[in-house]
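Visitor: Here it is: the structure, laid out below.
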Amino acid sequence: MGQLFYGNASESIEIPDRLLAHIKVLAATKLRRSESFTLTWKHPAGEASGRSTIWLQPSIPLRFVFDSAESEKLDSALLTEMAKSASSSAGLVVDLEHTAPAAVTPVAAPVRAPRTLAAAA
């Protein structure tokens, strides 16, 4: 399980390594272009119910920490779908617990984590 550190918070957001690798590439691409966006997820089991959203923009520090020392293989179709979602008014919505293979989904629907995330967790 990887970690996303947002701003100056000492607590991290736990995200499976493979999904975090995709978010890192998407964030780097959009923030390099000065394109801000939101990232939303449902709270995983074991945490208070609900969901969280963060605003990603160039002046807010981000740090990505991966459990694996090896780079994750990126799925270009998933990156394309994530980019479409991030550019929508709903922003990027990810499902941290879904284990089905990644599929191109409507922009308003959560981007689902690939099946390999369950094995990596």
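Following the order of the structure tokens, first chain is A, next is B, and so on, with residues numbered from 1 inside each chain and ligands from 1 in the order they appear.
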Using the chain letters and numbers from this document, which residues of chain A does DSSP assign to helix (DSSP H, G or I), as an MDAnalysis selection string?
Guide: chainID A and resid 17:32 76:87 116:120
Visitor: Quick one: everything within 8 Å of Ala83 in chain A, counting only C-alpha atoms, minus sequence neighbours fewer than 3 positions away in the same chain. Send it as a PyMOL selection string.
Guide: chain A and resi 26+79-80+86-87+92
Visitor: Those same residues - N, CA and C atoms - I'd like them written as an mmCIF file, in the first residue's frame.
Guide:
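Written out: selection_5.cif:
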```cif
data_model
loop_
_atom_site.group_PDB
_atom_site.id
_atom_site.type_symbol
_atom_site.label_atom_id
_atom_site.label_comp_id
_atom_site.auth_asym_id
_atom_site.auth_seq_id
_atom_site.Cartn_x
_atom_site.Cartn_y
_atom_site.Cartn_z
ATOM 1 N N LEU A 26 -0.562 11.314 -13.544
ATOM 2 C CA LEU A 26 -1.631 12.250 -13.889
ATOM 3 C C LEU A 26 -1.413 13.594 -13.197
ATOM 4 N N LEU A 79 -4.901 5.653 -17.683
ATOM 5 C CA LEU A 79 -4.435 7.047 -17.572
ATOM 6 C C LEU A 79 -5.315 7.991 -18.387
ATOM 7 N N THR A 80 -5.706 7.561 -19.574
ATOM 8 C CA THR A 80 -6.578 8.385 -20.424
ATOM 9 C C THR A 80 -7.919 8.619 -19.741
ATOM 10 N N ALA A 86 -10.494 13.653 -14.340
ATOM 11 C CA ALA A 86 -9.899 14.781 -13.618
ATOM 12 C C ALA A 86 -10.287 16.114 -14.241
ATOM 13 N N SER A 87 -10.522 16.123 -15.552
ATOM 14 C CA SER A 87 -10.888 17.362 -16.245
ATOM 15 C C SER A 87 -12.378 17.667 -16.159
ATOM 16 N N LEU A 92 -11.416 13.780 -10.356
ATOM 17 C CA LEU A 92 -10.996 12.381 -10.377
ATOM 18 C C LEU A 92 -11.576 11.676 -9.155
#
```
Visitor: Just how far from CA of Phe5 in chain A is CA of Gln57 in chain A, in Å to one decimal?
Guide: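 Separating CA of Gln57 in chain A from CA of Phe5 in chain A is a distance of 13.8 Å.
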Visitor: With only C-alpha atoms as the basis for distance, which of A:Arg33, A:Leu19, A:Ser68, A:Ser10 is at the shortest distance from Glu97 in chain A?
Guide: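 Once distances to Glu97 in chain A are computed over only C-alpha atoms, the minimum belongs to A:Leu19.
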